[in-house]
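Novice: Have a look at the structure that comes next, please.
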Amino acid sequence: DGKIREGEESPLKPPRTHDKTMTFAPDLSGTSFGPKGGGGGGQKKPMTQEMAAVREYCMGADGRNKAESTVLLHVSHSNLKETFFQEIRLDMHMTVERVKHKLEFHVGTSAVSNQLYLLDENKQVLAEMEDSQMLGYYSPYDGCTLHIVDLDPHSMSAGGWLEDTSLVTKYEISEEAYAKRENTYRNFKAKKLAEDPSWTYQKDLAERAAKNPEAAARAGMQPMGMAKPKVEDDGYMEEEASKVKVGERCEVAGGRRGAVMWVGQAAELPKGWWVGVRYDEPVGKNDGSIKGARYFECEENYGGFLRPDLVTVGDFPEDDPFADLGEENEI
């Protein structure tokens, strides 16, 4: 009848929430997230156009999309010489005091003992930050560094106690006590040498690999007599490399996915052709450079150089951690 009875919500008003903020709920019908979605091992349904747009907005071109008021800052610490936190996401509207409380969970320095400085990309001081000011007051930009000076002389990180392992008392055992033990490497080695005077641990590993090649391959071991020869041909794997193009998506050994960033030969690598890959996750070994020579740009531990036969190009989109979420897994 068009009237609003007691206890009912007006159709012209947004639903009430406890914090009086509106939440956006995209239409998930037709996807594996929706009320009639697959899940539970059934065939996945394609995302709706709306859901795909939301995902593209959140991820961005490189998976690091952010709001206009968000800044990506690095973090360094006066006591932690080997520790460096990359790309902490912070909102410009946060007060410096709130930023300090957030950083406390990362480095352990309390907000009271934290003197915070803003550094530029060359590690030059831009400002000494005050608790009452908002982060945006200092106009930080992506790539700047928040440097923490820990003023607490009794801090856990003082004197290198969180990084210098030489300060930690090691377990020691006397020669007499060790000799009394039966299950030791020394006894194992003596037994093997008694059976075969030419025995070595490397030889033992190679023999085991020869008995079980599949297990050896999974463990990265080479069966005896099958060691890889040193590559002397500059054109090694040139044909395989010709099938890999820069910009293509790929999957490499171990199921790691990424994008091809470089194909070629490098003086810093063994002879032959190589492929430079920027991984989607920090599962690599470098930042696109080898021994100081840069071949492509990426973050630390996101890059890797592989032989072309270990790289498969094709339709390998980024893994979606929520792709298999079924209705029974939703709350």
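Labels used: A, B, ... for chains in the order of the structure tokens, numbers from 1 for residues in each chain, and numbers from 1 for ligands as shown.
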Which residues, written as a PDB file with N, CA, C and O atoms, in the first residue's frame, have at least one atom at most 9 Å from stretch 270-273 of chain A, with only C-alpha atoms counted and residues fewer than 4 positions away on the same chain left out?
Specialist:
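Below is the file that was written, result03.pdb:
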ATOM      1  N   LYS A 230      79.669 -28.719 -18.959  1.00  0.00           N
ATOM      2  CA  LYS A 230      79.762 -27.273 -19.072  1.00  0.00           C
ATOM      3  C   LYS A 230      79.429 -26.852 -20.488  1.00  0.00           C
ATOM      4  O   LYS A 230      79.915 -27.426 -21.459  1.00  0.00           O
ATOM      5  N   VAL A 231      78.578 -25.841 -20.610  1.00  0.00           N
ATOM      6  CA  VAL A 231      78.152 -25.361 -21.923  1.00  0.00           C
ATOM      7  C   VAL A 231      79.264 -24.521 -22.538  1.00  0.00           C
ATOM      8  O   VAL A 231      79.740 -23.553 -21.933  1.00  0.00           O
ATOM      9  N   GLU A 232      79.690 -24.881 -23.759  1.00  0.00           N
ATOM     10  CA  GLU A 232      80.745 -24.162 -24.457  1.00  0.00           C
ATOM     11  C   GLU A 232      80.227 -23.502 -25.726  1.00  0.00           C
ATOM     12  O   GLU A 232      80.939 -22.737 -26.370  1.00  0.00           O
ATOM     13  N   ASP A 233      78.959 -23.799 -26.111  1.00  0.00           N
ATOM     14  CA  ASP A 233      78.383 -23.295 -27.357  1.00  0.00           C
ATOM     15  C   ASP A 233      77.598 -22.009 -27.093  1.00  0.00           C
ATOM     16  O   ASP A 233      76.650 -22.005 -26.301  1.00  0.00           O
ATOM     17  N   ASP A 234      77.987 -20.914 -27.765  1.00  0.00           N
ATOM     18  CA  ASP A 234      77.270 -19.646 -27.607  1.00  0.00           C
ATOM     19  C   ASP A 234      75.836 -19.739 -28.093  1.00  0.00           C
ATOM     20  O   ASP A 234      74.971 -18.990 -27.633  1.00  0.00           O
ATOM     21  N   GLY A 235      75.564 -20.648 -29.015  1.00  0.00           N
ATOM     22  CA  GLY A 235      74.217 -20.777 -29.556  1.00  0.00           C
ATOM     23  C   GLY A 235      73.364 -21.812 -28.835  1.00  0.00           C
ATOM     24  O   GLY A 235      72.306 -22.212 -29.343  1.00  0.00           O
ATOM     25  N   TYR A 236      73.792 -22.236 -27.651  1.00  0.00           N
ATOM     26  CA  TYR A 236      73.067 -23.252 -26.884  1.00  0.00           C
ATOM     27  C   TYR A 236      71.637 -22.785 -26.601  1.00  0.00           C
ATOM     28  O   TYR A 236      71.409 -21.714 -26.063  1.00  0.00           O
ATOM     29  N   MET A 237      70.677 -23.592 -27.017  1.00  0.00           N
ATOM     30  CA  MET A 237      69.238 -23.357 -26.827  1.00  0.00           C
ATOM     31  C   MET A 237      68.724 -22.111 -27.559  1.00  0.00           C
ATOM     32  O   MET A 237      67.729 -21.512 -27.158  1.00  0.00           O
ATOM     33  N   GLU A 238      69.386 -21.751 -28.649  1.00  0.00           N
ATOM     34  CA  GLU A 238      68.922 -20.600 -29.433  1.00  0.00           C
ATOM     35  C   GLU A 238      67.559 -20.880 -30.062  1.00  0.00           C
ATOM     36  O   GLU A 238      66.693 -19.998 -30.113  1.00  0.00           O
ATOM     37  N   GLU A 240      65.169 -22.918 -28.923  1.00  0.00           N
ATOM     38  CA  GLU A 240      64.139 -22.849 -27.885  1.00  0.00           C
ATOM     39  C   GLU A 240      63.852 -21.398 -27.499  1.00  0.00           C
ATOM     40  O   GLU A 240      62.702 -21.018 -27.267  1.00  0.00           O
ATOM     41  N   ALA A 241      64.909 -20.579 -27.478  1.00  0.00           N
ATOM     42  CA  ALA A 241      64.733 -19.174 -27.103  1.00  0.00           C
ATOM     43  C   ALA A 241      63.941 -18.402 -28.145  1.00  0.00           C
ATOM     44  O   ALA A 241      63.213 -17.453 -27.814  1.00  0.00           O
ATOM     45  N   VAL A 263      64.965 -11.823 -23.266  1.00  0.00           N
ATOM     46  CA  VAL A 263      65.474 -13.059 -23.888  1.00  0.00           C
ATOM     47  C   VAL A 263      66.804 -12.720 -24.547  1.00  0.00           C
ATOM     48  O   VAL A 263      66.895 -11.757 -25.323  1.00  0.00           O
ATOM     49  N   GLY A 264      67.845 -13.489 -24.234  1.00  0.00           N
ATOM     50  CA  GLY A 264      69.132 -13.197 -24.863  1.00  0.00           C
ATOM     51  C   GLY A 264      70.284 -13.902 -24.185  1.00  0.00           C
ATOM     52  O   GLY A 264      70.111 -14.880 -23.463  1.00  0.00           O
ATOM     53  N   GLN A 265      71.485 -13.372 -24.448  1.00  0.00           N
ATOM     54  CA  GLN A 265      72.713 -13.894 -23.858  1.00  0.00           C
ATOM     55  C   GLN A 265      73.305 -12.833 -22.933  1.00  0.00           C
ATOM     56  O   GLN A 265      73.158 -11.636 -23.178  1.00  0.00           O
ATOM     57  N   ALA A 266      73.967 -13.273 -21.903  1.00  0.00           N
ATOM     58  CA  ALA A 266      74.525 -12.339 -20.924  1.00  0.00           C
ATOM     59  C   ALA A 266      75.935 -12.769 -20.554  1.00  0.00           C
ATOM     60  O   ALA A 266      76.187 -13.957 -20.300  1.00  0.00           O
ATOM     61  N   LEU A 306      66.367 -18.124 -16.487  1.00  0.00           N
ATOM     62  CA  LEU A 306      66.248 -19.567 -16.684  1.00  0.00           C
ATOM     63  C   LEU A 306      66.600 -19.930 -18.115  1.00  0.00           C
ATOM     64  O   LEU A 306      66.498 -19.103 -19.036  1.00  0.00           O
ATOM     65  N   ARG A 307      66.964 -21.197 -18.317  1.00  0.00           N
ATOM     66  CA  ARG A 307      67.155 -21.705 -19.665  1.00  0.00           C
ATOM     67  C   ARG A 307      65.781 -21.787 -20.356  1.00  0.00           C
ATOM     68  O   ARG A 307      64.762 -22.052 -19.707  1.00  0.00           O
ATOM     69  N   PRO A 308      65.744 -21.537 -21.657  1.00  0.00           N
ATOM     70  CA  PRO A 308      64.458 -21.501 -22.377  1.00  0.00           C
ATOM     71  C   PRO A 308      63.631 -22.780 -22.258  1.00  0.00           C
ATOM     72  O   PRO A 308      62.400 -22.723 -22.310  1.00  0.00           O
TER      73      PRO A 308
END
Novice: To test your reading of the structure, identify every residue in stretch 92-176 of chain A that backbone DSSP assigns to alpha helix (DSSP H), and report it as a list in words.
Specialist: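 Output for stretch 92-176 of chain A, alpha helix (DSSP H) only: Val96, Glu97, Arg98, Val99, Lys100, His101, Lys102, Leu103, Glu104, Phe105, His106, Val107, Glu175 and Glu176 of chain A.
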Novice: Once you have the residues from the selection above, write them out as an mmCIF file, in the first residue's frame, restricted to N, CA and C atoms.
Specialist:
data_model
loop_
_atom_site.group_PDB
_atom_site.id
_atom_site.type_symbol
_atom_site.label_atom_id
_atom_site.label_comp_id
_atom_site.auth_asym_id
_atom_site.auth_seq_id
_atom_site.Cartn_x
_atom_site.Cartn_y
_atom_site.Cartn_z
ATOM 1 N N VAL A 96 50.694 10.881 12.028
ATOM 2 C CA VAL A 96 52.015 10.266 12.196
ATOM 3 C C VAL A 96 52.013 9.350 13.411
ATOM 4 N N GLU A 97 51.274 9.732 14.448
ATOM 5 C CA GLU A 97 51.184 8.887 15.638
ATOM 6 C C GLU A 97 50.564 7.535 15.303
ATOM 7 N N ARG A 98 49.521 7.545 14.477
ATOM 8 C CA ARG A 98 48.882 6.288 14.079
ATOM 9 C C ARG A 98 49.817 5.462 13.201
ATOM 10 N N VAL A 99 50.591 6.128 12.353
ATOM 11 C CA VAL A 99 51.581 5.421 11.522
ATOM 12 C C VAL A 99 52.589 4.710 12.415
ATOM 13 N N LYS A 100 53.024 5.382 13.486
ATOM 14 C CA LYS A 100 53.993 4.776 14.405
ATOM 15 C C LYS A 100 53.418 3.525 15.069
ATOM 16 N N HIS A 101 52.135 3.595 15.458
ATOM 17 C CA HIS A 101 51.506 2.421 16.059
ATOM 18 C C HIS A 101 51.433 1.275 15.060
ATOM 19 N N LYS A 102 51.192 1.588 13.788
ATOM 20 C CA LYS A 102 51.139 0.555 12.748
ATOM 21 C C LYS A 102 52.514 -0.068 12.528
ATOM 22 N N LEU A 103 53.546 0.779 12.524
ATOM 23 C CA LEU A 103 54.908 0.287 12.310
ATOM 24 C C LEU A 103 55.406 -0.556 13.488
ATOM 25 N N GLU A 104 54.823 -0.326 14.661
ATOM 26 C CA GLU A 104 55.229 -1.093 15.842
ATOM 27 C C GLU A 104 55.049 -2.585 15.626
ATOM 28 N N PHE A 105 54.024 -2.967 14.853
ATOM 29 C CA PHE A 105 53.780 -4.390 14.581
ATOM 30 C C PHE A 105 54.809 -4.957 13.609
ATOM 31 N N HIS A 106 55.497 -4.102 12.875
ATOM 32 C CA HIS A 106 56.484 -4.564 11.894
ATOM 33 C C HIS A 106 57.889 -4.644 12.480
ATOM 34 N N VAL A 107 58.258 -3.656 13.327
ATOM 35 C CA VAL A 107 59.647 -3.593 13.798
ATOM 36 C C VAL A 107 59.793 -3.729 15.308
ATOM 37 N N GLU A 175 84.166 -33.070 23.468
ATOM 38 C CA GLU A 175 84.628 -34.160 22.611
ATOM 39 C C GLU A 175 84.295 -35.515 23.240
ATOM 40 N N GLU A 176 84.411 -35.624 24.561
ATOM 41 C CA GLU A 176 84.126 -36.889 25.237
ATOM 42 C C GLU A 176 82.642 -37.246 25.125
#
Novice: Just want the 7 Å neighbourhood of stretch 78-83 of chain A, counted on only C-alpha atoms, with same-chain residues fewer than 4 positions away dropped. Output as a ChimeraX atom specification.
Specialist: /A:148-150,157-158,160
Novice: Might you pull out every residue within 10 Å of A:Gly284, with only C-alpha atoms counted and same-chain residues fewer than 6 positions away left off, and present them as a list in words?
Specialist: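 Counting only the stated atoms, we get Arg256, Val277, Arg278, Glu299, Glu300, Asn301, Tyr302, Gly303, Gly304 and Phe305 of chain A.
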Novice: I'd like to know which residues of stretch 205-300 of chain A are strand (DSSP E) (by DSSP, run on the backbone); could you write them as number ranges by chain?
Specialist: A: 249-252, 256-264, 274-279, 289-290, 293-294
Novice: So, counting only C-alpha atoms, which residue among A:Met156, A:Glu56, A:Lys180, A:Pro197 is closest to A:Glu318?
Specialist: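 That would be A:Glu56, the residue with the smallest distance to A:Glu318.
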